[in-house]
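Source file: data20.csv (CSV, C-alpha atoms)
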chain,number,residue,atom,x,y,z
A,13,MET,CA,49.5,-21.1,-41.6
A,14,LEU,CA,50.9,-23.5,-39.1
A,15,LEU,CA,50.1,-26.5,-41.2
A,16,LEU,CA,51.7,-24.9,-44.3
A,17,THR,CA,54.8,-24.0,-42.2
A,18,PHE,CA,55.0,-27.5,-40.8
A,19,PHE,CA,54.8,-29.1,-44.3
A,20,MET,CA,57.4,-26.8,-45.7
A,21,LEU,CA,59.8,-27.5,-42.9
A,22,THR,CA,59.4,-31.3,-42.9
A,23,ALA,CA,59.3,-31.9,-46.6
A,24,THR,CA,62.2,-33.7,-48.2
A,25,PHE,CA,63.4,-32.7,-51.7
A,26,ARG,CA,65.0,-35.0,-54.2
A,27,PRO,CA,68.6,-34.0,-54.9
A,28,GLN,CA,69.6,-32.8,-58.3
A,29,GLU,CA,70.7,-35.7,-60.6
A,30,PRO,CA,74.2,-35.4,-61.9
A,31,THR,CA,73.1,-35.8,-65.5
A,32,GLN,CA,69.8,-35.4,-67.3
A,33,VAL,CA,68.5,-38.9,-67.9
A,34,ASP,CA,65.6,-39.4,-70.3
A,35,ALA,CA,64.6,-42.9,-69.4
A,36,PRO,CA,62.9,-45.2,-71.9
A,37,SER,CA,59.2,-45.8,-71.5
A,38,SER,CA,57.5,-48.9,-70.2
A,39,VAL,CA,54.1,-50.0,-68.8
A,40,SER,CA,55.4,-51.2,-65.5
A,41,GLU,CA,53.7,-49.8,-62.4
A,42,GLN,CA,56.2,-50.8,-59.8
A,43,ILE,CA,57.4,-47.7,-57.9
A,44,THR,CA,61.0,-47.2,-57.1
A,45,PRO,CA,61.6,-47.1,-53.3
A,46,GLU,CA,62.4,-43.7,-51.6
A,47,ARG,CA,64.9,-45.1,-49.1
A,48,ASN,CA,67.6,-47.8,-49.1
A,49,VAL,CA,68.4,-47.3,-52.8
A,50,ILE,CA,71.7,-47.7,-54.7
A,51,THR,CA,71.3,-46.0,-58.1
A,52,VAL,CA,73.6,-46.2,-61.1
A,53,TYR,CA,72.9,-43.7,-63.8
A,54,VAL,CA,74.1,-44.2,-67.4
A,55,GLY,CA,74.0,-40.8,-69.2
A,56,LYS,CA,73.7,-39.7,-72.8
A,57,GLU,CA,77.5,-39.8,-73.4
A,58,ASN,CA,77.7,-43.2,-71.7
A,59,LYS,CA,79.1,-41.6,-68.5
A,60,VAL,CA,78.3,-43.6,-65.4
A,61,PHE,CA,77.2,-41.9,-62.1
A,62,PHE,CA,76.5,-43.4,-58.7
A,63,ASN,CA,74.2,-42.5,-55.8
A,64,LEU,CA,73.2,-44.0,-52.5
A,65,ASP,CA,71.2,-42.7,-49.7
A,66,ASN,CA,71.7,-42.8,-45.9
A,67,GLY,CA,69.0,-45.4,-45.5
A,68,GLU,CA,66.1,-45.1,-43.0
A,69,ASP,CA,68.4,-44.2,-40.1
A,70,SER,CA,70.6,-41.3,-41.0
A,71,THR,CA,72.5,-41.7,-37.7
A,72,LEU,CA,74.3,-44.7,-39.3
A,73,HIS,CA,76.1,-42.3,-41.7
A,74,ILE,CA,76.1,-44.9,-44.5
A,75,ARG,CA,77.4,-42.5,-47.2
A,76,GLN,CA,80.4,-41.6,-44.9
A,77,GLU,CA,81.2,-45.2,-44.3
A,78,VAL,CA,81.1,-46.1,-48.0
A,79,LEU,CA,83.4,-43.1,-48.9
A,80,LYS,CA,85.9,-44.1,-46.2
A,81,ASN,CA,86.0,-47.7,-47.4
A,82,VAL,CA,86.3,-46.9,-51.1
A,83,GLY,CA,89.0,-44.4,-50.3
A,84,ALA,CA,90.9,-46.9,-48.2
A,85,ALA,CA,90.7,-49.4,-51.1
A,86,TYR,CA,92.6,-46.8,-53.2
A,87,ASN,CA,94.9,-45.6,-50.4
A,88,LEU,CA,93.0,-42.3,-50.1
A,89,SER,CA,91.7,-40.7,-46.9
A,90,PHE,CA,89.2,-37.9,-46.4
A,91,THR,CA,88.9,-35.3,-43.6
A,92,PRO,CA,86.0,-35.4,-41.2
A,93,GLU,CA,84.7,-32.2,-42.9
A,94,GLN,CA,84.8,-33.8,-46.3
A,95,LEU,CA,83.0,-36.9,-45.0
A,96,SER,CA,80.3,-34.8,-43.5
A,97,LYS,CA,79.9,-32.7,-46.6
A,98,PHE,CA,79.8,-35.8,-48.8
A,99,GLU,CA,76.9,-37.2,-46.8
A,100,ARG,CA,74.7,-34.3,-47.8
A,101,MET,CA,75.7,-34.3,-51.5
A,102,SER,CA,73.9,-35.8,-54.5
A,103,ALA,CA,75.0,-38.3,-57.1
A,104,PHE,CA,78.5,-38.2,-58.5
A,105,GLY,CA,80.5,-39.6,-61.4
A,106,MET,CA,84.3,-39.2,-61.4
A,107,PRO,CA,87.4,-41.3,-60.7
A,108,ILE,CA,88.0,-41.7,-56.9
A,109,GLU,CA,91.2,-39.6,-57.2
A,110,LYS,CA,89.0,-36.5,-58.0
A,111,MET,CA,86.5,-37.1,-55.2
A,112,ALA,CA,88.2,-34.7,-52.7
A,113,ALA,CA,88.4,-31.9,-55.3
A,114,TRP,CA,84.7,-32.5,-56.1
A,115,ILE,CA,83.7,-32.4,-52.4
A,116,ASP,CA,85.8,-29.2,-51.8
A,117,ALA,CA,84.6,-27.4,-55.0
A,118,PRO,CA,83.1,-24.0,-54.0
A,119,ASN,CA,80.1,-24.2,-56.4
A,120,GLU,CA,78.0,-26.5,-58.5
A,121,SER,CA,79.6,-25.4,-61.8
A,122,GLU,CA,83.1,-26.4,-60.7
A,123,ARG,CA,81.7,-29.7,-59.5
A,124,LEU,CA,80.1,-30.3,-62.9
A,125,VAL,CA,83.4,-30.0,-64.7
A,126,LEU,CA,84.8,-32.8,-62.5
A,127,GLN,CA,81.8,-35.1,-63.4
A,128,THR,CA,83.6,-37.2,-66.1
A,129,GLY,CA,81.9,-40.5,-65.2
A,130,ILE,CA,83.0,-43.4,-63.0
A,131,PRO,CA,85.4,-45.7,-64.8
A,132,VAL,CA,83.7,-49.0,-65.8
A,133,ASP,CA,86.5,-50.4,-68.0
A,134,THR,CA,86.5,-53.8,-66.3
A,135,THR,CA,84.1,-55.9,-64.3
A,136,ASP,CA,86.8,-57.2,-62.0
A,137,ALA,CA,86.0,-56.1,-58.5
A,138,ALA,CA,89.7,-55.5,-57.6
A,139,THR,CA,90.1,-52.9,-60.3
A,140,SER,CA,86.6,-51.6,-61.2
A,141,GLU,CA,85.8,-48.4,-59.3
A,142,LEU,CA,82.0,-48.9,-59.8
A,143,ALA,CA,82.2,-52.4,-58.5
A,144,ASN,CA,83.9,-51.1,-55.4
A,145,TRP,CA,81.3,-48.4,-54.8
A,146,ILE,CA,78.6,-51.1,-55.2
A,147,LEU,CA,80.4,-53.6,-52.9
A,148,TYR,CA,80.9,-51.1,-50.1
A,149,ALA,CA,77.5,-49.6,-50.4
A,150,ARG,CA,76.0,-53.1,-50.0
A,151,LYS,CA,78.2,-53.9,-47.1
A,152,ALA,CA,77.2,-50.7,-45.3
A,153,ASN,CA,73.5,-51.1,-46.1
A,154,PRO,CA,72.5,-54.7,-47.0
A,155,ARG,CA,68.9,-53.8,-47.3
A,156,ALA,CA,69.6,-51.4,-50.2
A,157,VAL,CA,67.8,-52.1,-53.5
A,158,ALA,CA,69.9,-51.7,-56.7
A,159,THR,CA,68.5,-49.6,-59.5
A,160,ILE,CA,69.8,-48.7,-63.0
A,161,ARG,CA,68.6,-45.5,-64.6
A,162,GLY,CA,69.8,-45.4,-68.2
A,163,ASP,CA,69.3,-42.7,-70.7
A,164,ASN,CA,67.1,-43.5,-73.7
A,165,THR,CA,70.0,-42.8,-76.1
A,166,ALA,CA,72.8,-44.4,-74.1
A,167,ASP,CA,74.8,-47.0,-75.9
A,168,PHE,CA,73.8,-50.6,-75.0
A,169,LYS,CA,77.5,-51.5,-74.4
A,170,ALA,CA,77.7,-49.0,-71.5
A,171,VAL,CA,74.5,-50.4,-69.9
A,172,LYS,CA,75.9,-53.9,-70.5
A,173,GLN,CA,79.1,-53.0,-68.6
A,174,VAL,CA,77.0,-51.9,-65.7
A,175,LEU,CA,74.9,-55.1,-65.8
A,176,ASP,CA,78.2,-57.2,-65.9
A,177,ILE,CA,79.4,-55.3,-62.8
A,178,PHE,CA,76.0,-56.1,-61.1
A,179,GLN,CA,76.5,-59.7,-62.0
A,180,GLY,CA,80.0,-59.7,-60.7
A,181,ALA,CA,78.7,-58.2,-57.4
A,182,LYS,CA,76.1,-61.0,-57.3
A,183,ILE,CA,73.2,-58.6,-57.7
A,184,ASN,CA,70.6,-60.6,-59.6
A,185,GLN,CA,67.6,-58.5,-58.7
A,186,PHE,CA,67.5,-54.8,-59.5
A,187,ASN,CA,65.1,-52.2,-60.9
A,188,LEU,CA,65.4,-50.6,-64.3
A,189,VAL,CA,63.9,-47.2,-63.9
A,190,THR,CA,61.7,-46.1,-66.8
A,191,ASN,CA,59.1,-43.5,-67.6
A,192,LEU,CA,55.5,-44.7,-67.4
A,193,GLU,CA,53.9,-45.1,-70.8
A,194,LYS,CA,50.2,-44.6,-71.2
A,195,GLU,CA,48.5,-47.7,-72.5
A,196,GLU,CA,44.9,-47.7,-73.6
A,197,VAL,CA,42.8,-50.7,-73.2
A,198,LYS,CA,39.9,-51.2,-75.5
A,199,LEU,CA,37.0,-53.3,-74.5
A,200,ASP,CA,35.1,-55.1,-77.3
The structure given in the file should be rewritten as structure tokens.
Amino acid sequence: MLLLTFFMLTATFRPQEPTQVDAPSSVSEQITPERNVITVYVGKENKVFFNLDNGEDSTLHIRQEVLKNVGAAYNLSFTPEQLSKFERMSAFGMPIEKMAAWIDAPNESERLVLQTGIPVDTTDAATSELANWILYARKANPRAVATIRGDNTADFKAVKQVLDIFQGAKINQFNLVTNLEKEEVKLD
């Protein structure tokens, strides 16, 4: 009983993804890391979502730092309560102007309504919100690995815009998250 209780109390659960992503299949066996990850999701309707973790040392409050810096880039500020709450939340996808309303929403269904996708109209770091999220996430956690998790039915143009933003941020190594496909090997 003690062991079971210990494992239940110390287990970490993956946060709910902002959109259901059915990734394409591949035969790669490289596993996506659990910590120090920046993830960009491209959903079915070509909506873009973003997530980052607090890294290996949660006392650094990486998510809070990133939110403060992105907010400052758009002349927005957040209360200490909003910063603390944001740190424990999952992936998001909305313009920065709606971030405070998303954090303060009383329930998940109201948050879902605000998830309209992060604007990716341009790859220019000065005007692209996704580029700013990536820039400040990498400044706060230089060890973070970038990943793209695209839906199987997402339009290639949406994924290409994300790839262009990665190139603009000088991210030349990143993981494309896929579902593992079974491959049979026949010996003659």
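Atom CA of A:Asn58 lies 24.0 Å from atom CA of A:Tyr86.
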If we draw a sphere of 12 Å around (86.3, -33.6, -46.3), which residues have at least one atom in it when counting all atoms listed in the file? Please report them as a ChimeraX atom specification. /A:76,79-80,83,88-101,111-117
Pick from A:Arg47, A:Trp145, A:Lys56, A:Met20, whichever lies nearest to A:Phe178 using all atoms listed in the file: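 Nearest candidate to A:Phe178 out of A:Arg47, A:Trp145, A:Lys56, A:Met20: A:Trp145.
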Point out the residue among A:Val125, A:Ala152, A:Leu15, A:Val171 with the least atom-to-atom distance to A:Arg75, counting all atoms listed in the file. A:Ala152
Atom CA of A:Leu142 to atom CA of A:Pro107: how many Å, to one decimal?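 Going from atom CA of A:Leu142 over to atom CA of A:Pro107, I get 9.4 Å.
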Point (82.7, -51.6, -67.6) neighbourhood (12 Å, only C-alpha atoms) written as a ChimeraX atom specification: /A:54,58-60,129-137,139-143,168-180
Name all residues at most 9 Å from A:Asp65 (count all atoms listed in the file; drop same-chain ones fewer than 4 positions away) and give them as a PyMOL selection string. chain A and resi 47-50+70+74-75+99+102+156
Using only C-alpha atoms, please write the residues we just selected to a file, as a PDB file, keeping the file's coordinate frame.
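The new file part.pdb reads:
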ATOM      1  CA  ARG A  47      64.900 -45.100 -49.100  1.00  0.00           C
ATOM      2  CA  ASN A  48      67.600 -47.800 -49.100  1.00  0.00           C
ATOM      3  CA  VAL A  49      68.400 -47.300 -52.800  1.00  0.00           C
ATOM      4  CA  ILE A  50      71.700 -47.700 -54.700  1.00  0.00           C
ATOM      5  CA  SER A  70      70.600 -41.300 -41.000  1.00  0.00           C
ATOM      6  CA  ILE A  74      76.100 -44.900 -44.500  1.00  0.00           C
ATOM      7  CA  ARG A  75      77.400 -42.500 -47.200  1.00  0.00           C
ATOM      8  CA  GLU A  99      76.900 -37.200 -46.800  1.00  0.00           C
ATOM      9  CA  SER A 102      73.900 -35.800 -54.500  1.00  0.00           C
ATOM     10  CA  ALA A 156      69.600 -51.400 -50.200  1.00  0.00           C
TER      11      ALA A 156
END
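Relative to atom CA of A:Ala84, atom CA of A:Glu68 is found at 25.4 Å.
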What's the 9 Å shell around A:Phe61, counting only C-alpha atoms, without same-chain residues fewer than 3 positions away, as a CSV table (one decimal) with C-alpha atoms, in the coordinates of the input?
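Saved as result-v3.csv:
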chain,number,residue,atom,x,y,z
A,30,PRO,CA,74.2,-35.4,-61.9
A,31,THR,CA,73.1,-35.8,-65.5
A,51,THR,CA,71.3,-46.0,-58.1
A,52,VAL,CA,73.6,-46.2,-61.1
A,53,TYR,CA,72.9,-43.7,-63.8
A,54,VAL,CA,74.1,-44.2,-67.4
A,55,GLY,CA,74.0,-40.8,-69.2
A,103,ALA,CA,75.0,-38.3,-57.1
A,104,PHE,CA,78.5,-38.2,-58.5
A,105,GLY,CA,80.5,-39.6,-61.4
A,106,MET,CA,84.3,-39.2,-61.4
A,127,GLN,CA,81.8,-35.1,-63.4
A,128,THR,CA,83.6,-37.2,-66.1
A,129,GLY,CA,81.9,-40.5,-65.2
A,130,ILE,CA,83.0,-43.4,-63.0
A,142,LEU,CA,82.0,-48.9,-59.8
